[in-house]
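A.B. asks: I am attaching a structure below and will ask some questions about it afterwards.
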Amino acid sequence: MLPSTLQCDCSQSNREDMGHWLSRPTSPPPPQPQPLLDRPWRTLPSSRESLAFLKSYKPLNGEVSHLRILLYGPVGAGKSSFVNSADSALRGRLAGRAGVDAISGSSYTKQYKTYKIRKDNQSHYSFVFNDIMGIEQNLNHGVNVDDLKLALQGHMKDGYKFNPVSPLTRNDPGYNSNPSLDDKVHVLVGVIPADQVSLLSDEVVQKLKQVRAAATELEIPQMAILTKVDQACPEVERDINNLHKSKYLKEQVEKLSMILGLPVNCIFLLKNYASEIDISNGINEPILAALNQMVNFGDDYVDDH
């Protein structure tokens, strides 16, 4: 048997070793990736610059009284809301002329409708928006791709009522048999929710690509806007000025570019007016910057034709 003093020393040594093991500092957890970039990856012109350009713009081509901007995209993407938001940003007050539906799962827009935006008491801006029924994955629901192709060529009259299972024909009263350059679409704009880019079904993507292919054949310039950015990124919901600092939103722009084949500089991030009761520069600036580009692209098209 060991001497008691030795037993005591061994026991104390074991406790010291155990205490040392228990108190040994653990390695710190890896740092969490930051959701925001240090600086914006894209800079925008000021609202004042964009407004000055849009107010002064007139097509150089004398055959055209206004540029025609056609909005297309999935159901619920925010096409009609964008018309209202653009109207609000341009007029300096909230507008709600284009009907929207926050709860329906189907397209609220049923007719081909042209929206002019008043510039002052005597004139309108030199561009118009055409809103259409949304694209759905079911072949018998949503806008028919053949209707979209006819709209691009100017064959669709204002007020034409969409029929998903029976596209526009030459014998239809809504068919424009002899479209002028004014009737044709001058820039095509896809509208996609930023939080749904990865969730687009194969069927919807295929329809979007078919419309793009038709526009490309007609040499119509194309863009896209990613809406609902506040729903996609909490940092942007907290502060709209984080719009172009959000890593997630930048990734969605790049992802949509890969899906549709659009260059990144043709895809814009913005937030439509939804819960707000007054306009703000943080929301206006991206909307006006996107409009600025639409007008530039459309003007190039009518100038070439």
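In the structure tokens, the first chain shown is A, the next is B, and so on; residue numbers restart at 1 for each chain, and ligands run from 1 in the order shown.
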Assign secondary structure with DSSP using the backbone only, and return the residues of segment 54-175 of chain A in strand (DSSP E) as a PyMOL selection string.
C.D. replies: chain A and resi 67-72+113-118+124-131
A.B. asks: Quick one: everything within 6 Å of Tyr175 of chain A, counting only C-alpha atoms, minus sequence neighbours fewer than 2 positions away in the same chain. Send it as a ChimeraX atom specification.
C.D. replies: /A:155-157,170,172-173
A.B. asks: If you keep C-alpha atoms, can you produce a file of those selected residues as a short mmCIF file (atom, residue, chain, number, x, y, z; two decimals), in the first residue's frame?
C.D. replies:
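Output contents, as saved in part_39.cif:
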```cif
data_model
loop_
_atom_site.label_atom_id
_atom_site.label_comp_id
_atom_site.auth_asym_id
_atom_site.auth_seq_id
_atom_site.Cartn_x
_atom_site.Cartn_y
_atom_site.Cartn_z
CA HIS A 155 -51.29 43.28 -83.25
CA MET A 156 -53.10 43.51 -79.91
CA LYS A 157 -55.57 46.36 -79.44
CA ARG A 170 -56.96 37.69 -87.08
CA ASP A 172 -60.93 38.75 -83.38
CA PRO A 173 -62.15 42.36 -82.91
#
```
A.B. asks: For the contact check between segment 30-132 of chain A and segment 229-237 of chain A, emit one row per residue of segment 30-132 of chain A within 12 Å, containing the shortest atom pair and the distance in Å rounded to one decimal, counting only C-alpha atoms, chain then rising number order, as JSON lines.
C.D. replies:
```
{"residue": "A:Gln34", "atom": "CA", "partner": "A:Glu235", "partner_atom": "CA", "distance": 10.7}
{"residue": "A:Pro35", "atom": "CA", "partner": "A:Glu235", "partner_atom": "CA", "distance": 7.7}
{"residue": "A:Leu36", "atom": "CA", "partner": "A:Glu235", "partner_atom": "CA", "distance": 7.9}
{"residue": "A:Leu37", "atom": "CA", "partner": "A:Glu235", "partner_atom": "CA", "distance": 11.3}
{"residue": "A:Ala77", "atom": "CA", "partner": "A:Val229", "partner_atom": "CA", "distance": 11.3}
{"residue": "A:Gly78", "atom": "CA", "partner": "A:Val229", "partner_atom": "CA", "distance": 11.3}
```
A.B. asks: Let me see the file: selected residues, N, CA, C and O atoms, as a PDB file, in the first residue's frame.
C.D. replies:
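In the end it all went to result-v4.pdb:
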```pdb
ATOM      1  N   GLN A  34     -21.277  37.816 -43.222  1.00  0.00           N
ATOM      2  CA  GLN A  34     -22.043  39.048 -43.133  1.00  0.00           C
ATOM      3  C   GLN A  34     -23.020  39.150 -44.312  1.00  0.00           C
ATOM      4  O   GLN A  34     -22.647  38.855 -45.446  1.00  0.00           O
ATOM      5  N   PRO A  35     -24.273  39.558 -44.049  1.00  0.00           N
ATOM      6  CA  PRO A  35     -25.252  39.621 -45.139  1.00  0.00           C
ATOM      7  C   PRO A  35     -25.070  40.807 -46.073  1.00  0.00           C
ATOM      8  O   PRO A  35     -25.644  40.838 -47.149  1.00  0.00           O
ATOM      9  N   LEU A  36     -24.253  41.789 -45.645  1.00  0.00           N
ATOM     10  CA  LEU A  36     -24.087  43.002 -46.426  1.00  0.00           C
ATOM     11  C   LEU A  36     -22.655  43.184 -46.900  1.00  0.00           C
ATOM     12  O   LEU A  36     -21.702  42.824 -46.202  1.00  0.00           O
ATOM     13  N   LEU A  37     -22.521  43.732 -48.087  1.00  0.00           N
ATOM     14  CA  LEU A  37     -21.215  44.111 -48.611  1.00  0.00           C
ATOM     15  C   LEU A  37     -20.762  45.412 -47.947  1.00  0.00           C
ATOM     16  O   LEU A  37     -21.574  46.171 -47.415  1.00  0.00           O
ATOM     17  N   ALA A  77     -46.100  38.731 -59.579  1.00  0.00           N
ATOM     18  CA  ALA A  77     -44.731  39.268 -59.559  1.00  0.00           C
ATOM     19  C   ALA A  77     -44.691  40.747 -59.213  1.00  0.00           C
ATOM     20  O   ALA A  77     -43.681  41.250 -58.723  1.00  0.00           O
ATOM     21  N   GLY A  78     -45.789  41.462 -59.474  1.00  0.00           N
ATOM     22  CA  GLY A  78     -45.817  42.893 -59.174  1.00  0.00           C
ATOM     23  C   GLY A  78     -45.801  43.775 -60.405  1.00  0.00           C
ATOM     24  O   GLY A  78     -45.328  44.913 -60.343  1.00  0.00           O
TER      25      GLY A  78
END
```
A.B. asks: What does the distance between atom CA of Tyr160 of chain A and atom CA of Asp182 of chain A come to in Å, to one decimal place?
C.D. replies: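 For atom CA of Tyr160 of chain A relative to atom CA of Asp182 of chain A, the distance reads 17.3 Å.
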A.B. asks: Given only C-alpha atoms as the basis, pick out the residue of A:Arg68, A:Arg48, A:Lys79, A:Arg93 nearest to Ser280 of chain A.
C.D. replies: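 Smallest separation from Ser280 of chain A among the options: A:Arg93.
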A.B. asks: Could you tell me which of A:Arg118, A:Gln137, A:Val185, A:Asp195 comes closest to Val302 of chain A if we count only C-alpha atoms?
C.D. replies: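 Closest residue, counting only C-alpha atoms: A:Val185.
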A.B. asks: Select, from A:Val64, A:Val189, A:Val165, A:Ile135, the residue with the minimum atom-to-atom distance to Val83 of chain A, counting only C-alpha atoms.
C.D. replies: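 For Val83 of chain A, the nearest of the candidates is A:Val189.
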A.B. asks: Taking 6 positions as the minimum chain separation for residues in the same chain, which residues sit within 10 Å of Pro167 of chain A when counting only C-alpha atoms? Answer as a PyMOL selection string.
C.D. replies: chain A and resi 143-148+150+161
A.B. asks: Please produce an output containing N, CA and C atoms for each residue in the selection, written as a PDB file, in the first residue's frame.
C.D. replies:
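The new file selection.pdb reads:
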```
ATOM      1  N   VAL A 143     -51.575  34.034 -69.136  1.00  0.00           N
ATOM      2  CA  VAL A 143     -51.510  34.550 -70.495  1.00  0.00           C
ATOM      3  C   VAL A 143     -50.944  33.492 -71.445  1.00  0.00           C
ATOM      4  N   ASN A 144     -51.489  33.446 -72.634  1.00  0.00           N
ATOM      5  CA  ASN A 144     -50.989  32.542 -73.664  1.00  0.00           C
ATOM      6  C   ASN A 144     -49.753  33.164 -74.313  1.00  0.00           C
ATOM      7  N   VAL A 145     -48.716  32.375 -74.460  1.00  0.00           N
ATOM      8  CA  VAL A 145     -47.464  32.902 -75.023  1.00  0.00           C
ATOM      9  C   VAL A 145     -47.676  33.445 -76.433  1.00  0.00           C
ATOM     10  N   ASP A 146     -48.574  32.822 -77.195  1.00  0.00           N
ATOM     11  CA  ASP A 146     -48.864  33.321 -78.547  1.00  0.00           C
ATOM     12  C   ASP A 146     -49.456  34.731 -78.498  1.00  0.00           C
ATOM     13  N   ASP A 147     -50.256  35.025 -77.475  1.00  0.00           N
ATOM     14  CA  ASP A 147     -50.785  36.382 -77.311  1.00  0.00           C
ATOM     15  C   ASP A 147     -49.663  37.382 -77.049  1.00  0.00           C
ATOM     16  N   LEU A 148     -48.704  36.967 -76.243  1.00  0.00           N
ATOM     17  CA  LEU A 148     -47.575  37.845 -75.948  1.00  0.00           C
ATOM     18  C   LEU A 148     -46.782  38.162 -77.217  1.00  0.00           C
ATOM     19  N   LEU A 150     -47.944  38.269 -80.268  1.00  0.00           N
ATOM     20  CA  LEU A 150     -48.724  39.207 -81.074  1.00  0.00           C
ATOM     21  C   LEU A 150     -48.668  40.615 -80.490  1.00  0.00           C
ATOM     22  N   LYS A 161     -59.396  41.327 -74.223  1.00  0.00           N
ATOM     23  CA  LYS A 161     -59.557  40.471 -73.050  1.00  0.00           C
ATOM     24  C   LYS A 161     -58.875  39.134 -73.288  1.00  0.00           C
TER      25      LYS A 161
END
```
A.B. asks: Do you have, as a Markdown table, the list of residues of segment 79-186 of chain A lying at most 8 Å from segment 54-60 of chain A, each with its nearest atom pair and that distance in Å to one decimal, counting only C-alpha atoms and ordered by chain then number?
C.D. replies:
```
| residue | atom | partner | partner_atom | distance |
| --- | --- | --- | --- | --- |
| A:Lys119 | CA | A:Lys55 | CA | 7.2 |
| A:Tyr125 | CA | A:Lys55 | CA | 6.6 |
| A:Ser126 | CA | A:Lys58 | CA | 5.7 |
```
A.B. asks: Can you write out the residues you just picked, keeping N, CA and C atoms, as a PDB file, in the first residue's frame?
C.D. replies:
```pdb
ATOM      1  N   LYS A 119     -47.679  64.163 -66.934  1.00  0.00           N
ATOM      2  CA  LYS A 119     -46.505  64.940 -66.543  1.00  0.00           C
ATOM      3  C   LYS A 119     -46.914  66.272 -65.919  1.00  0.00           C
ATOM      4  N   TYR A 125     -46.006  61.893 -70.035  1.00  0.00           N
ATOM      5  CA  TYR A 125     -44.646  61.433 -70.330  1.00  0.00           C
ATOM      6  C   TYR A 125     -44.633  60.712 -71.674  1.00  0.00           C
ATOM      7  N   SER A 126     -43.487  60.715 -72.330  1.00  0.00           N
ATOM      8  CA  SER A 126     -43.374  60.154 -73.685  1.00  0.00           C
ATOM      9  C   SER A 126     -43.091  58.652 -73.670  1.00  0.00           C
TER      10      SER A 126
END
```
A.B. asks: Looking at only C-alpha atoms, which of A:Ile283, A:Leu270, A:Ala214, A:Ile117 is the one that sits closest to Arg97 of chain A?
C.D. replies: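 Among the listed residues, the smallest separation from Arg97 of chain A belongs to A:Ile117.
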A.B. asks: Between A:Leu200, A:Val75, A:Leu67, A:Ala274, which one has atoms that come closest to Asn130 of chain A, using only C-alpha atoms?
C.D. replies: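 Answer, going by the shortest atom-to-atom distance: A:Leu67.
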A.B. asks: What parts of segment 25-249 of chain A does DSSP call alpha helix (DSSP H)? I'd like the answer as a PyMOL selection string.
C.D. replies: chain A and resi 47-56+79-91+145-152+202-217+229-232+234-238+247-249
A.B. asks: Name the residues in contact with Pro45 of chain A at a cut-off of 10 Å, using only C-alpha atoms, excluding same-chain residues fewer than 5 positions from it; report them as a ChimeraX atom specification.
C.D. replies: /A:50-51,285-286,288-289,292
A.B. asks: Can you write just those residues out, all heavy atoms, as a tab-separated table (two decimals), in the first residue's frame?
C.D. replies:
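The resulting file, again.tsv, is shown below:
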```
chain	number	residue	atom	x	y	z
A	50	SER	N	-32.63	61.42	-62.74
A	50	SER	CA	-33.52	60.56	-63.51
A	50	SER	C	-34.80	61.29	-63.90
A	50	SER	O	-35.26	61.20	-65.04
A	50	SER	CB	-33.85	59.30	-62.72
A	50	SER	OG	-32.70	58.50	-62.52
A	51	LEU	N	-35.38	62.02	-62.94
A	51	LEU	CA	-36.61	62.76	-63.22
A	51	LEU	C	-36.40	63.81	-64.31
A	51	LEU	O	-37.25	63.98	-65.20
A	51	LEU	CB	-37.12	63.43	-61.95
A	51	LEU	CG	-38.13	62.65	-61.11
A	51	LEU	CD1	-38.44	63.40	-59.83
A	51	LEU	CD2	-39.41	62.38	-61.89
A	285	GLU	N	-35.72	56.15	-56.03
A	285	GLU	CA	-34.46	56.16	-56.79
A	285	GLU	C	-34.26	54.91	-57.65
A	285	GLU	O	-33.97	55.04	-58.85
A	285	GLU	CB	-33.28	56.36	-55.84
A	285	GLU	CG	-31.97	56.66	-56.55
A	285	GLU	CD	-30.88	57.07	-55.58
A	285	GLU	OE1	-30.30	56.16	-54.95
A	285	GLU	OE2	-30.63	58.27	-55.44
A	286	PRO	N	-34.42	53.69	-57.11
A	286	PRO	CA	-34.25	52.50	-57.96
A	286	PRO	C	-35.32	52.39	-59.05
A	286	PRO	O	-35.04	51.91	-60.15
A	286	PRO	CB	-34.35	51.34	-56.96
A	286	PRO	CG	-34.06	51.93	-55.63
A	286	PRO	CD	-34.59	53.31	-55.69
A	288	LEU	N	-36.88	54.91	-60.60
A	288	LEU	CA	-36.56	55.90	-61.64
A	288	LEU	C	-35.32	55.50	-62.43
A	288	LEU	O	-35.25	55.74	-63.64
A	288	LEU	CB	-36.38	57.27	-61.01
A	288	LEU	CG	-37.65	57.88	-60.38
A	288	LEU	CD1	-37.32	59.16	-59.62
A	288	LEU	CD2	-38.71	58.14	-61.44
A	289	ALA	N	-34.36	54.87	-61.77
A	289	ALA	CA	-33.16	54.41	-62.48
A	289	ALA	C	-33.52	53.32	-63.49
A	289	ALA	O	-33.01	53.30	-64.62
A	289	ALA	CB	-32.13	53.88	-61.48
A	292	ASN	N	-35.28	54.94	-66.36
A	292	ASN	CA	-34.27	55.62	-67.17
A	292	ASN	C	-33.68	54.66	-68.21
A	292	ASN	O	-33.56	54.99	-69.39
A	292	ASN	CB	-33.17	56.12	-66.23
A	292	ASN	CG	-32.44	57.33	-66.77
A	292	ASN	OD1	-32.29	57.47	-67.96
A	292	ASN	ND2	-32.00	58.19	-65.88
```
A.B. asks: Distance atom CA of Asn265 of chain A-atom CA of Met223 of chain A, one decimal place?
C.D. replies: 8.7 Å
A.B. asks: Would you list the contacts of Leu262 of chain A as a PDB file with N, CA and C atoms, in the first residue's frame, taking every protein, DNA or RNA residue within 9 Å and counting only C-alpha atoms, but skipping same-chain residues closer than 6 positions in sequence?
C.D. replies:
```pdb
ATOM      1  N   GLN A 222     -34.418  44.113 -74.196  1.00  0.00           N
ATOM      2  CA  GLN A 222     -35.045  43.452 -73.053  1.00  0.00           C
ATOM      3  C   GLN A 222     -34.325  43.769 -71.751  1.00  0.00           C
ATOM      4  N   MET A 223     -35.127  43.823 -70.691  1.00  0.00           N
ATOM      5  CA  MET A 223     -34.629  44.063 -69.341  1.00  0.00           C
ATOM      6  C   MET A 223     -35.432  43.198 -68.382  1.00  0.00           C
ATOM      7  N   ALA A 224     -35.038  43.228 -67.118  1.00  0.00           N
ATOM      8  CA  ALA A 224     -35.826  42.583 -66.067  1.00  0.00           C
ATOM      9  C   ALA A 224     -35.703  43.407 -64.795  1.00  0.00           C
ATOM     10  N   LEU A 256     -30.746  35.028 -61.883  1.00  0.00           N
ATOM     11  CA  LEU A 256     -31.713  35.298 -62.943  1.00  0.00           C
ATOM     12  C   LEU A 256     -31.010  35.505 -64.278  1.00  0.00           C
TER      13      LEU A 256
END
```
A.B. asks: Can you pull out every residue within 6 Å of Val187 of chain A, counting only C-alpha atoms, but drop anything in the same chain fewer than 3 positions away, and send it as a list in words?
C.D. replies: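 Here the answer would be Ile69, Ile220, Pro221, Gln222 and Gly298 of chain A.
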A.B. asks: Those same residues, written as a JSON list (two decimals), in the first residue's frame with all heavy atoms?
C.D. replies:
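Contents of the output file again_38.json:
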```json
[["chain", "number", "residue", "atom", "x", "y", "z"],
["A", 69, "ILE", "N", -43.65, 50.20, -73.36],
["A", 69, "ILE", "CA", -42.94, 49.28, -72.47],
["A", 69, "ILE", "C", -43.89, 48.17, -72.07],
["A", 69, "ILE", "O", -44.93, 48.43, -71.43],
["A", 69, "ILE", "CB", -42.43, 50.02, -71.21],
["A", 69, "ILE", "CG1", -41.48, 51.16, -71.61],
["A", 69, "ILE", "CG2", -41.73, 49.04, -70.27],
["A", 69, "ILE", "CD1", -41.18, 52.13, -70.46],
["A", 220, "ILE", "N", -36.18, 43.47, -80.32],
["A", 220, "ILE", "CA", -36.69, 44.32, -79.25],
["A", 220, "ILE", "C", -35.78, 44.21, -78.03],
["A", 220, "ILE", "O", -35.52, 43.09, -77.57],
["A", 220, "ILE", "CB", -38.13, 43.90, -78.86],
["A", 220, "ILE", "CG1", -39.07, 44.10, -80.04],
["A", 220, "ILE", "CG2", -38.61, 44.69, -77.64],
["A", 220, "ILE", "CD1", -40.48, 43.57, -79.80],
["A", 221, "PRO", "N", -35.27, 45.31, -77.50],
["A", 221, "PRO", "CA", -34.40, 45.25, -76.32],
["A", 221, "PRO", "C", -35.16, 44.74, -75.10],
["A", 221, "PRO", "O", -36.38, 44.92, -74.99],
["A", 221, "PRO", "CB", -33.94, 46.70, -76.13],
["A", 221, "PRO", "CG", -34.96, 47.52, -76.84],
["A", 221, "PRO", "CD", -35.48, 46.69, -77.97],
["A", 222, "GLN", "N", -34.42, 44.11, -74.20],
["A", 222, "GLN", "CA", -35.04, 43.45, -73.05],
["A", 222, "GLN", "C", -34.33, 43.77, -71.75],
["A", 222, "GLN", "O", -33.11, 43.92, -71.73],
["A", 222, "GLN", "CB", -35.05, 41.94, -73.28],
["A", 222, "GLN", "CG", -35.80, 41.52, -74.53],
["A", 222, "GLN", "CD", -35.40, 40.15, -75.02],
["A", 222, "GLN", "OE1", -35.36, 39.21, -74.23],
["A", 222, "GLN", "NE2", -35.09, 40.02, -76.30],
["A", 298, "GLY", "N", -35.50, 51.65, -75.21],
["A", 298, "GLY", "CA", -36.60, 51.83, -76.16],
["A", 298, "GLY", "C", -36.27, 52.86, -77.21],
["A", 298, "GLY", "O", -36.62, 52.69, -78.39]]
```
A.B. asks: Which of these residues is nearest to Gly76 of chain A, using only C-alpha atoms: A:Gly134, A:Gly62, A:Pro263, A:Gly174?
C.D. replies: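 Comparing A:Gly134, A:Gly62, A:Pro263, A:Gly174 against Gly76 of chain A, the winner is A:Gly134.
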